[in-house]
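Report on the following structure.
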Amino acid sequence: MKKGTELVHLGRAKGNFQGAVNPPVYQTSTVLFPTLEAYHDAERGREHYQSGPEGTRTDPAYGIGGTSTTFILQDALQTLEGGECCLITPSGLSAVTLALMSFTKAGDHILVVDTVYGPTRRFCNKTLKQYGVEVTFFDPTIGAGIEALIQENTALIFLESPGSLTFEVMDIPAITAIAQARGVKTLIDNSWATPLFYNPLSHGVDVVIHALTKYIGGHADLILGAVIGNKKAATPLMKTYKNLGITASPQECYIALRGLRTLQARMERHQRSALEVARWLQARPEVSRVLYPALPEDPGHAIWKRDFSGAASLFSVVLKRHYPFEQIASFVNQLRYFGIGCSWGGYESLVLDMNPSGTRSATSWQPEGSALRFYIGLESPEDLVADLEQAFVRLSD
Ligand SMILES: *Cc1c(COP(=O)(O)O)cnc(C)c1O
């Protein structure tokens, strides 16, 4: 089956759910069993979805471990990423923190990419440090140079590609080759690419994280996360999930499943429109650079082309000069179709000014001009371009 067909068919065996097209929302805390024997069997492994090795499944005997709605979403994401286990968490950030807590203990050292999602960085610097974990940030373009940063006590390397806000593409296979040789786990935040455009487990990564909030939800009405791991990662992830008491609402899992069905059609459209808008922006006299690996001029283009099968529609633009905040605000406020907000992945376009210099330590962000992050939604790109064109007047003086 191709990915597009999988997205439509996963978890929808013919004749299930009394003929309903979509799996229903199983909303329950208590799960009842016909016999005491069946109850104990269920505790040992999921009765209906027992494809995974023992100990890699959430508890089917009580709603905290999920209901059938959750299990169908878990299985779908696990299949799409080629993993051996999948856990659903109440947000993308909690998926990140669950994964980090599963593979660290007091006295460990971890390596985190400098361009990581801001709240992930904050969790490492605040919470993990509080529990005795030492954190070193590294340049996203480090590649095989990561070897020099690995210490005796390095437990994991946390990756995100392309980087948040600045979109540097990482040489993941170069890093995982070294990590595997040194016995260090690798974790990646794959929210930008979605399971459609990049499958890190096939490049040697151990654990993949998704903010389902973004493209998979796709309609700006969901907050949910997922962690997908290989076989070795399954037991530590499961134990931490269970011990922390994490769970996700079946209603939210249903929304994520519904989003999955249309993911390919949406991503194709997002990608086409983003390329069109990005190319148009590149040609503007006010624009110095567009930070978007899908463009051949982008420094990360070659690696992106080698490893990814598509590009998401989130990118940044560096202008040729620094404008006063009031002028940037006037440009942004003038836009009719670009919402002013942070959580991308929905159907609607977004824009924000951006300046990551305060959250970088291994790299320095010294751009030639003001910078903006654009998210290209499902509107007609002609309208988006026309909207940008009328707003650019605010940047001429
Ligand atoms: C939004 C985002 C998250 C967090 O997702 P939430 O559901 O908002 O917690 C994690 N990683 C990346 C790259 C994101 O963009």
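By order of appearance in the structure tokens: chains A, B, ..., then residues from 1 within every chain, and ligands from 1 in the order shown.
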
Taking a cut-off of 7 Å and counting only C-alpha atoms and all ligand atoms, can you build a table that, for each residue of chain A near ligand 1, reports the nearest atom pair and how far apart they are in Å (one decimal), sorted by chain then residue number, as a Markdown table?
| residue | atom | partner | partner_atom_place_in_ligand_line | distance |
| --- | --- | --- | --- | --- |
| A:Ser91 | CA | ligand 1 | 7 (O) | 3.9 |
| A:Gly92 | CA | ligand 1 | 5 (O) | 3.3 |
| A:Leu93 | CA | ligand 1 | 9 (O) | 3.7 |
| A:Ser94 | CA | ligand 1 | 9 (O) | 6.4 |
| A:Val96 | CA | ligand 1 | 10 (C) | 7.0 |
| A:Tyr117 | CA | ligand 1 | 13 (C) | 5.2 |
| A:Ser164 | CA | ligand 1 | 13 (C) | 6.3 |
| A:Asp189 | CA | ligand 1 | 13 (C) | 6.0 |
| A:Asn190 | CA | ligand 1 | 13 (C) | 7.0 |
| A:Ser191 | CA | ligand 1 | 13 (C) | 5.2 |
| A:Trp192 | CA | ligand 1 | 13 (C) | 6.3 |
| A:His210 | CA | ligand 1 | 11 (N) | 6.9 |
| A:Ala211 | CA | ligand 1 | 5 (O) | 4.4 |
| A:Leu212 | CA | ligand 1 | 7 (O) | 6.5 |
| A:Thr213 | CA | ligand 1 | 7 (O) | 4.7 |
| A:Lys214 | CA | ligand 1 | 1 (C) | 6.5 |
| A:Ile223 | CA | ligand 1 | 7 (O) | 4.8 |
| A:Leu224 | CA | ligand 1 | 7 (O) | 5.2 |
| A:Gly225 | CA | ligand 1 | 7 (O) | 5.8 |
| A:Ser343 | CA | ligand 1 | 1 (C) | 5.9 |

Please, could you write that set of residues out with N, CA, C and O atoms as a CSV table (one decimal), in the first residue's frame?
chain,number,residue,atom,x,y,z
A,91,SER,N,-0.4,16.6,24.4
A,91,SER,CA,0.1,17.8,23.6
A,91,SER,C,1.4,17.3,22.9
A,91,SER,O,2.0,16.3,23.3
A,92,GLY,N,1.9,18.1,22.0
A,92,GLY,CA,3.1,17.8,21.3
A,92,GLY,C,4.3,18.0,22.3
A,92,GLY,O,5.2,17.2,22.4
A,93,LEU,N,4.2,19.0,23.2
A,93,LEU,CA,5.2,19.3,24.2
A,93,LEU,C,5.3,18.1,25.2
A,93,LEU,O,6.4,17.7,25.6
A,94,SER,N,4.2,17.6,25.6
A,94,SER,CA,4.2,16.4,26.5
A,94,SER,C,4.8,15.2,25.8
A,94,SER,O,5.3,14.3,26.5
A,96,VAL,N,7.3,15.4,23.7
A,96,VAL,CA,8.7,15.7,23.8
A,96,VAL,C,9.2,15.4,25.2
A,96,VAL,O,10.3,14.7,25.4
A,117,TYR,N,12.8,23.4,19.0
A,117,TYR,CA,11.5,24.1,19.4
A,117,TYR,C,11.7,24.7,20.8
A,117,TYR,O,12.2,24.0,21.8
A,164,SER,N,13.7,24.8,14.2
A,164,SER,CA,12.6,25.8,14.5
A,164,SER,C,13.0,27.2,14.1
A,164,SER,O,14.2,27.6,14.3
A,189,ASP,N,12.2,15.4,16.8
A,189,ASP,CA,10.9,16.1,16.6
A,189,ASP,C,10.6,16.2,15.1
A,189,ASP,O,11.3,17.0,14.4
A,190,ASN,N,9.6,15.4,14.6
A,190,ASN,CA,9.4,15.3,13.2
A,190,ASN,C,8.1,16.1,12.8
A,190,ASN,O,7.5,15.8,11.8
A,191,SER,N,7.7,17.0,13.6
A,191,SER,CA,6.4,17.7,13.4
A,191,SER,C,6.3,18.4,12.0
A,191,SER,O,5.2,18.4,11.4
A,192,TRP,N,7.4,19.0,11.6
A,192,TRP,CA,7.4,19.8,10.4
A,192,TRP,C,7.1,18.9,9.2
A,192,TRP,O,6.2,19.2,8.3
A,210,HIS,N,5.8,13.6,17.4
A,210,HIS,CA,5.0,14.5,16.5
A,210,HIS,C,4.1,15.4,17.4
A,210,HIS,O,3.5,14.9,18.4
A,211,ALA,N,4.0,16.6,17.0
A,211,ALA,CA,2.9,17.5,17.6
A,211,ALA,C,1.7,17.2,16.6
A,211,ALA,O,1.7,17.8,15.5
A,212,LEU,N,0.8,16.4,17.0
A,212,LEU,CA,-0.4,16.1,16.2
A,212,LEU,C,-1.3,17.3,16.1
A,212,LEU,O,-2.1,17.5,15.2
A,213,THR,N,-1.1,18.3,17.0
A,213,THR,CA,-1.7,19.6,17.0
A,213,THR,C,-1.5,20.3,15.6
A,213,THR,O,-2.4,21.0,15.2
A,214,LYS,N,-0.4,20.0,15.0
A,214,LYS,CA,-0.1,20.8,13.8
A,214,LYS,C,-0.8,20.2,12.5
A,214,LYS,O,-2.0,20.2,12.4
A,223,ILE,N,-5.2,19.8,20.2
A,223,ILE,CA,-3.9,19.7,20.9
A,223,ILE,C,-3.6,18.3,21.3
A,223,ILE,O,-4.4,17.7,22.1
A,224,LEU,N,-2.6,17.7,20.7
A,224,LEU,CA,-2.3,16.3,21.0
A,224,LEU,C,-0.9,16.0,20.5
A,224,LEU,O,-0.4,16.7,19.6
A,225,GLY,N,-0.3,15.0,21.0
A,225,GLY,CA,1.1,14.6,20.6
A,225,GLY,C,1.2,13.1,20.5
A,225,GLY,O,0.3,12.3,20.9
A,343,SER,N,0.4,28.7,16.4
A,343,SER,CA,0.3,27.2,16.2
A,343,SER,C,-0.1,26.9,14.7
A,343,SER,O,-1.3,26.8,14.4

Polymer residues at most 8 Å from Tyr292 in chain A, only C-alpha atoms, same-chain spacing of 5 or more positions, as a list of chain:residue names = A:Phe167, A:Ala278, A:Asp298, A:Leu314, A:Phe315, A:Ser316

Could you write those residues out with N, CA and C atoms, as an mmCIF file, in the first residue's frame?
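Once written, result-v8.cif looks like this:
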data_model
loop_
_atom_site.group_PDB
_atom_site.id
_atom_site.type_symbol
_atom_site.label_atom_id
_atom_site.label_comp_id
_atom_site.auth_asym_id
_atom_site.auth_seq_id
_atom_site.Cartn_x
_atom_site.Cartn_y
_atom_site.Cartn_z
ATOM 1 N N PHE A 167 15.124 26.894 10.131
ATOM 2 C CA PHE A 167 14.969 25.844 9.104
ATOM 3 C C PHE A 167 16.266 25.252 8.540
ATOM 4 N N ALA A 278 6.851 31.319 -1.578
ATOM 5 C CA ALA A 278 8.270 31.483 -1.219
ATOM 6 C C ALA A 278 9.061 32.035 -2.414
ATOM 7 N N ASP A 298 18.591 27.322 -0.976
ATOM 8 C CA ASP A 298 18.728 27.152 0.477
ATOM 9 C C ASP A 298 19.932 26.264 0.774
ATOM 10 N N LEU A 314 5.877 25.804 6.177
ATOM 11 C CA LEU A 314 6.314 26.756 7.200
ATOM 12 C C LEU A 314 7.746 27.159 6.878
ATOM 13 N N PHE A 315 7.985 28.464 6.727
ATOM 14 C CA PHE A 315 9.335 28.944 6.411
ATOM 15 C C PHE A 315 9.500 30.363 6.924
ATOM 16 N N SER A 316 10.723 30.850 6.874
ATOM 17 C CA SER A 316 10.979 32.224 7.324
ATOM 18 C C SER A 316 11.603 33.054 6.212
#

So which residues touch Ser273 in chain A within 9 Å, counting only C-alpha atoms, skipping near sequence neighbours fewer than 6 positions away, as a VMD selection string?
-> chain A and resid 313 376 to 382

I need the residues from that last selection saved to file as a tab-separated table (two decimals), in the first residue's frame (with N, CA and C atoms), if you can.
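This is the output file selection-v1.tsv:
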chain	number	residue	atom	x	y	z
A	313	SER	N	4.83	23.67	4.78
A	313	SER	CA	4.58	25.03	4.29
A	313	SER	C	4.90	26.10	5.32
A	376	ILE	N	1.94	28.85	5.32
A	376	ILE	CA	1.05	28.93	4.18
A	376	ILE	C	-0.06	27.90	4.31
A	377	GLY	N	-1.28	28.40	4.41
A	377	GLY	CA	-2.46	27.55	4.60
A	377	GLY	C	-3.05	27.10	3.27
A	378	LEU	N	-4.33	26.80	3.28
A	378	LEU	CA	-4.99	26.22	2.11
A	378	LEU	C	-5.72	27.24	1.25
A	379	GLU	N	-5.53	28.53	1.53
A	379	GLU	CA	-6.12	29.56	0.67
A	379	GLU	C	-5.50	29.47	-0.73
A	380	SER	N	-6.09	30.14	-1.70
A	380	SER	CA	-5.48	30.18	-3.04
A	380	SER	C	-4.21	31.02	-2.97
A	381	PRO	N	-3.09	30.48	-3.47
A	381	PRO	CA	-1.83	31.22	-3.36
A	381	PRO	C	-1.87	32.59	-4.05
A	382	GLU	N	-2.69	32.71	-5.10
A	382	GLU	CA	-2.81	34.02	-5.78
A	382	GLU	C	-3.30	35.08	-4.79

If you count only C-alpha atoms, which residues fall within 12 Å of Leu384 in chain A, apart from same-chain ones fewer than 2 positions away, as a PyMOL selection string?
-> chain A and resi 273-274+276-278+280-281+335-339+348-351+374-382+386-391

With N, CA, C and O atoms retained, write the just-selected residues as a tab-separated table (two decimals), in the first residue's frame.
chain	number	residue	atom	x	y	z
A	273	SER	N	1.57	25.52	-2.68
A	273	SER	CA	1.32	26.93	-2.40
A	273	SER	C	2.52	27.58	-1.74
A	273	SER	O	2.88	28.72	-2.05
A	274	ALA	N	3.16	26.85	-0.80
A	274	ALA	CA	4.30	27.42	-0.08
A	274	ALA	C	5.44	27.72	-1.06
A	274	ALA	O	6.09	28.76	-0.96
A	276	GLU	N	5.17	28.40	-4.20
A	276	GLU	CA	4.78	29.53	-5.03
A	276	GLU	C	4.98	30.85	-4.27
A	276	GLU	O	5.57	31.79	-4.79
A	277	VAL	N	4.51	30.88	-3.03
A	277	VAL	CA	4.64	32.11	-2.23
A	277	VAL	C	6.11	32.38	-1.90
A	277	VAL	O	6.58	33.52	-1.98
A	278	ALA	N	6.85	31.32	-1.58
A	278	ALA	CA	8.27	31.48	-1.22
A	278	ALA	C	9.06	32.03	-2.41
A	278	ALA	O	9.90	32.92	-2.26
A	280	TRP	N	7.88	33.81	-4.86
A	280	TRP	CA	7.46	35.19	-5.06
A	280	TRP	C	8.17	36.11	-4.07
A	280	TRP	O	8.68	37.18	-4.43
A	281	LEU	N	8.26	35.64	-2.81
A	281	LEU	CA	8.93	36.44	-1.78
A	281	LEU	C	10.41	36.61	-2.12
A	281	LEU	O	10.98	37.70	-1.93
A	335	LEU	N	-1.99	42.73	6.69
A	335	LEU	CA	-2.33	41.48	5.98
A	335	LEU	C	-3.77	41.06	6.31
A	335	LEU	O	-4.18	41.07	7.47
A	336	ARG	N	-4.51	40.66	5.28
A	336	ARG	CA	-5.91	40.27	5.50
A	336	ARG	C	-6.07	38.78	5.70
A	336	ARG	O	-6.95	38.31	6.41
A	337	TYR	N	-5.24	37.98	5.01
A	337	TYR	CA	-5.44	36.53	5.03
A	337	TYR	C	-4.48	35.80	5.96
A	337	TYR	O	-4.63	34.61	6.19
A	338	PHE	N	-3.45	36.48	6.45
A	338	PHE	CA	-2.50	35.84	7.36
A	338	PHE	C	-2.87	36.18	8.80
A	338	PHE	O	-2.81	37.34	9.21
A	339	GLY	N	-3.26	35.17	9.56
A	339	GLY	CA	-3.57	35.37	10.96
A	339	GLY	C	-2.30	35.62	11.76
A	339	GLY	O	-1.21	35.19	11.36
A	348	GLU	N	-5.40	27.61	7.81
A	348	GLU	CA	-5.31	29.05	7.61
A	348	GLU	C	-3.87	29.56	7.71
A	348	GLU	O	-3.09	29.11	8.54
A	349	SER	N	-3.54	30.50	6.85
A	349	SER	CA	-2.18	31.05	6.83
A	349	SER	C	-1.91	31.90	8.07
A	349	SER	O	-2.83	32.50	8.64
A	350	LEU	N	-0.63	31.95	8.45
A	350	LEU	CA	-0.22	32.68	9.65
A	350	LEU	C	1.07	33.46	9.38
A	350	LEU	O	1.84	33.11	8.48
A	351	VAL	N	1.29	34.47	10.19
A	351	VAL	CA	2.55	35.21	10.13
A	351	VAL	C	2.92	35.70	11.53
A	351	VAL	O	2.05	36.00	12.34
A	374	PHE	N	6.45	32.67	8.08
A	374	PHE	CA	5.17	32.51	7.39
A	374	PHE	C	4.71	31.06	7.43
A	374	PHE	O	5.52	30.14	7.27
A	375	TYR	N	3.43	30.88	7.62
A	375	TYR	CA	2.81	29.56	7.48
A	375	TYR	C	1.79	29.68	6.37
A	375	TYR	O	0.88	30.53	6.44
A	376	ILE	N	1.94	28.85	5.32
A	376	ILE	CA	1.05	28.93	4.18
A	376	ILE	C	-0.06	27.90	4.31
A	376	ILE	O	0.18	26.69	4.35
A	377	GLY	N	-1.28	28.40	4.41
A	377	GLY	CA	-2.46	27.55	4.60
A	377	GLY	C	-3.05	27.10	3.27
A	377	GLY	O	-2.36	27.04	2.25
A	378	LEU	N	-4.33	26.80	3.28
A	378	LEU	CA	-4.99	26.22	2.11
A	378	LEU	C	-5.72	27.24	1.25
A	378	LEU	O	-6.45	26.88	0.33
A	379	GLU	N	-5.53	28.53	1.53
A	379	GLU	CA	-6.12	29.56	0.67
A	379	GLU	C	-5.50	29.47	-0.73
A	379	GLU	O	-4.46	28.83	-0.91
A	380	SER	N	-6.09	30.14	-1.70
A	380	SER	CA	-5.48	30.18	-3.04
A	380	SER	C	-4.21	31.02	-2.97
A	380	SER	O	-4.23	32.14	-2.45
A	381	PRO	N	-3.09	30.48	-3.47
A	381	PRO	CA	-1.83	31.22	-3.36
A	381	PRO	C	-1.87	32.59	-4.05
A	381	PRO	O	-1.19	33.51	-3.62
A	382	GLU	N	-2.69	32.71	-5.10
A	382	GLU	CA	-2.81	34.02	-5.78
A	382	GLU	C	-3.30	35.08	-4.79
A	382	GLU	O	-2.82	36.22	-4.80
A	386	ALA	N	-1.21	38.37	-3.49
A	386	ALA	CA	-1.80	39.71	-3.63
A	386	ALA	C	-1.87	40.40	-2.27
A	386	ALA	O	-1.62	41.61	-2.16
A	387	ASP	N	-2.19	39.64	-1.25
A	387	ASP	CA	-2.26	40.18	0.11
A	387	ASP	C	-0.88	40.68	0.56
A	387	ASP	O	-0.74	41.80	1.07
A	388	LEU	N	0.13	39.87	0.32
A	388	LEU	CA	1.49	40.27	0.69
A	388	LEU	C	1.91	41.52	-0.08
A	388	LEU	O	2.52	42.45	0.48
A	389	GLU	N	1.56	41.56	-1.35
A	389	GLU	CA	1.95	42.67	-2.20
A	389	GLU	C	1.40	44.00	-1.66
A	389	GLU	O	2.13	44.98	-1.56
A	390	GLN	N	0.12	43.98	-1.26
A	390	GLN	CA	-0.46	45.23	-0.76
A	390	GLN	C	0.12	45.61	0.60
A	390	GLN	O	0.23	46.78	0.94
A	391	ALA	N	0.58	44.61	1.37
A	391	ALA	CA	1.15	44.93	2.69
A	391	ALA	C	2.59	45.44	2.57
A	391	ALA	O	3.06	46.20	3.43

Identify all residues of range 74-313 of chain A in alpha helix (DSSP H) (DSSP on the backbone) and supply them as a PyMOL selection string.
-> chain A and resi 74-81+92-102+118-123+129-130+172-182+194-197+231-244+250-261+263-282+301-307

In Å, how far is it from CA of Gly358 in chain A to CA of Ala329 in chain A?
->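 CA of Gly358 in chain A sits 20.1 Å away from CA of Ala329 in chain A.
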
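Look at range 29-42 of chain A: the protein and nucleic acid residues within 9 Å of it, using only C-alpha atoms and passing over chain neighbours fewer than 6 places away, are Asp59, Pro60, Ala61, Tyr62, Gly63, Ile64, Gly66 and Thr67 of chain A.
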
Would you mind exporting all heavy atoms of the selected residues as an mmCIF file, in the first residue's frame?
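Okay, selection20.cif is ready:
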data_model
loop_
_atom_site.group_PDB
_atom_site.id
_atom_site.type_symbol
_atom_site.label_atom_id
_atom_site.label_comp_id
_atom_site.auth_asym_id
_atom_site.auth_seq_id
_atom_site.Cartn_x
_atom_site.Cartn_y
_atom_site.Cartn_z
ATOM 1 N N ASP A 59 -2.217 0.025 28.615
ATOM 2 C CA ASP A 59 -3.122 -0.835 29.383
ATOM 3 C C ASP A 59 -4.553 -0.780 28.831
ATOM 4 O O ASP A 59 -5.185 0.266 28.855
ATOM 5 C CB ASP A 59 -3.088 -0.327 30.839
ATOM 6 C CG ASP A 59 -3.970 -1.151 31.745
ATOM 7 O OD1 ASP A 59 -4.604 -2.102 31.254
ATOM 8 O OD2 ASP A 59 -4.004 -0.830 32.941
ATOM 9 N N PRO A 60 -5.058 -1.888 28.308
ATOM 10 C CA PRO A 60 -6.399 -1.878 27.725
ATOM 11 C C PRO A 60 -7.479 -2.146 28.760
ATOM 12 O O PRO A 60 -8.663 -2.157 28.433
ATOM 13 C CB PRO A 60 -6.336 -3.038 26.731
ATOM 14 C CG PRO A 60 -5.416 -4.008 27.399
ATOM 15 C CD PRO A 60 -4.425 -3.209 28.204
ATOM 16 N N ALA A 61 -7.084 -2.371 30.014
ATOM 17 C CA ALA A 61 -8.053 -2.789 31.020
ATOM 18 C C ALA A 61 -8.628 -1.597 31.785
ATOM 19 O O ALA A 61 -9.462 -1.760 32.666
ATOM 20 C CB ALA A 61 -7.401 -3.779 31.989
ATOM 21 N N TYR A 62 -8.199 -0.401 31.440
ATOM 22 C CA TYR A 62 -8.663 0.797 32.137
ATOM 23 C C TYR A 62 -8.476 1.967 31.182
ATOM 24 O O TYR A 62 -7.463 2.051 30.483
ATOM 25 C CB TYR A 62 -7.851 0.968 33.430
ATOM 26 C CG TYR A 62 -8.062 2.257 34.177
ATOM 27 C CD1 TYR A 62 -9.304 2.921 34.169
ATOM 28 C CD2 TYR A 62 -7.031 2.831 34.913
ATOM 29 C CE1 TYR A 62 -9.485 4.110 34.842
ATOM 30 C CE2 TYR A 62 -7.207 4.019 35.598
ATOM 31 C CZ TYR A 62 -8.435 4.651 35.550
ATOM 32 O OH TYR A 62 -8.613 5.823 36.218
ATOM 33 N N GLY A 63 -9.433 2.877 31.142
ATOM 34 C CA GLY A 63 -9.434 3.977 30.183
ATOM 35 C C GLY A 63 -8.183 4.833 30.176
ATOM 36 O O GLY A 63 -7.881 5.480 29.169
ATOM 37 N N ILE A 64 -7.422 4.859 31.250
ATOM 38 C CA ILE A 64 -6.207 5.689 31.263
ATOM 39 C C ILE A 64 -5.212 5.210 30.209
ATOM 40 O O ILE A 64 -4.433 6.001 29.671
ATOM 41 C CB ILE A 64 -5.549 5.736 32.676
ATOM 42 C CG1 ILE A 64 -4.576 6.918 32.765
ATOM 43 C CG2 ILE A 64 -4.876 4.418 33.022
ATOM 44 C CD1 ILE A 64 -4.088 7.231 34.158
ATOM 45 N N GLY A 66 -6.023 4.263 27.348
ATOM 46 C CA GLY A 66 -6.641 4.519 26.048
ATOM 47 C C GLY A 66 -7.816 3.583 25.817
ATOM 48 O O GLY A 66 -7.991 2.593 26.523
ATOM 49 N N THR A 67 -8.625 3.929 24.844
ATOM 50 C CA THR A 67 -9.731 3.073 24.428
ATOM 51 C C THR A 67 -9.473 2.688 22.979
ATOM 52 O O THR A 67 -8.453 3.071 22.410
ATOM 53 C CB THR A 67 -11.085 3.802 24.548
ATOM 54 O OG1 THR A 67 -11.121 4.854 23.567
ATOM 55 C CG2 THR A 67 -11.284 4.385 25.935
#

CA of Gly145 in chain A to CA of Lys105 in chain A, distance in Å rounded to a single decimal =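 Going from CA of Gly145 in chain A over to CA of Lys105 in chain A covers 25.2 Å.
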
Find the residues near Leu111 in chain A: any atom within 9 Å, counting only C-alpha atoms, skip ones fewer than 2 places away on the same chain, and give them as an mmCIF file with C-alpha atoms, in the first residue's frame.
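Contents of the output file selection.cif:
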data_model
loop_
_atom_site.group_PDB
_atom_site.id
_atom_site.type_symbol
_atom_site.label_atom_id
_atom_site.label_comp_id
_atom_site.auth_asym_id
_atom_site.auth_seq_id
_atom_site.Cartn_x
_atom_site.Cartn_y
_atom_site.Cartn_z
ATOM 1 C CA HIS A 109 24.491 14.264 29.755
ATOM 2 C CA VAL A 113 20.213 20.770 18.676
ATOM 3 C CA GLU A 134 23.584 18.091 31.993
ATOM 4 C CA VAL A 135 22.640 19.683 28.652
ATOM 5 C CA THR A 136 24.901 20.734 25.746
ATOM 6 C CA PHE A 137 23.450 22.469 22.696
ATOM 7 C CA PHE A 138 25.018 21.960 19.268
ATOM 8 C CA ILE A 146 28.787 15.398 16.786
ATOM 9 C CA LEU A 149 30.695 16.266 21.811
ATOM 10 C CA ILE A 150 29.775 12.775 23.006
ATOM 11 C CA THR A 154 25.895 11.038 27.065
ATOM 12 C CA ALA A 155 22.513 9.312 27.068
ATOM 13 C CA LEU A 156 20.808 10.819 24.046
ATOM 14 C CA ILE A 157 20.918 13.263 21.167
ATOM 15 C CA PHE A 158 17.785 15.332 20.537
ATOM 16 C CA LEU A 159 17.247 16.364 16.915
#
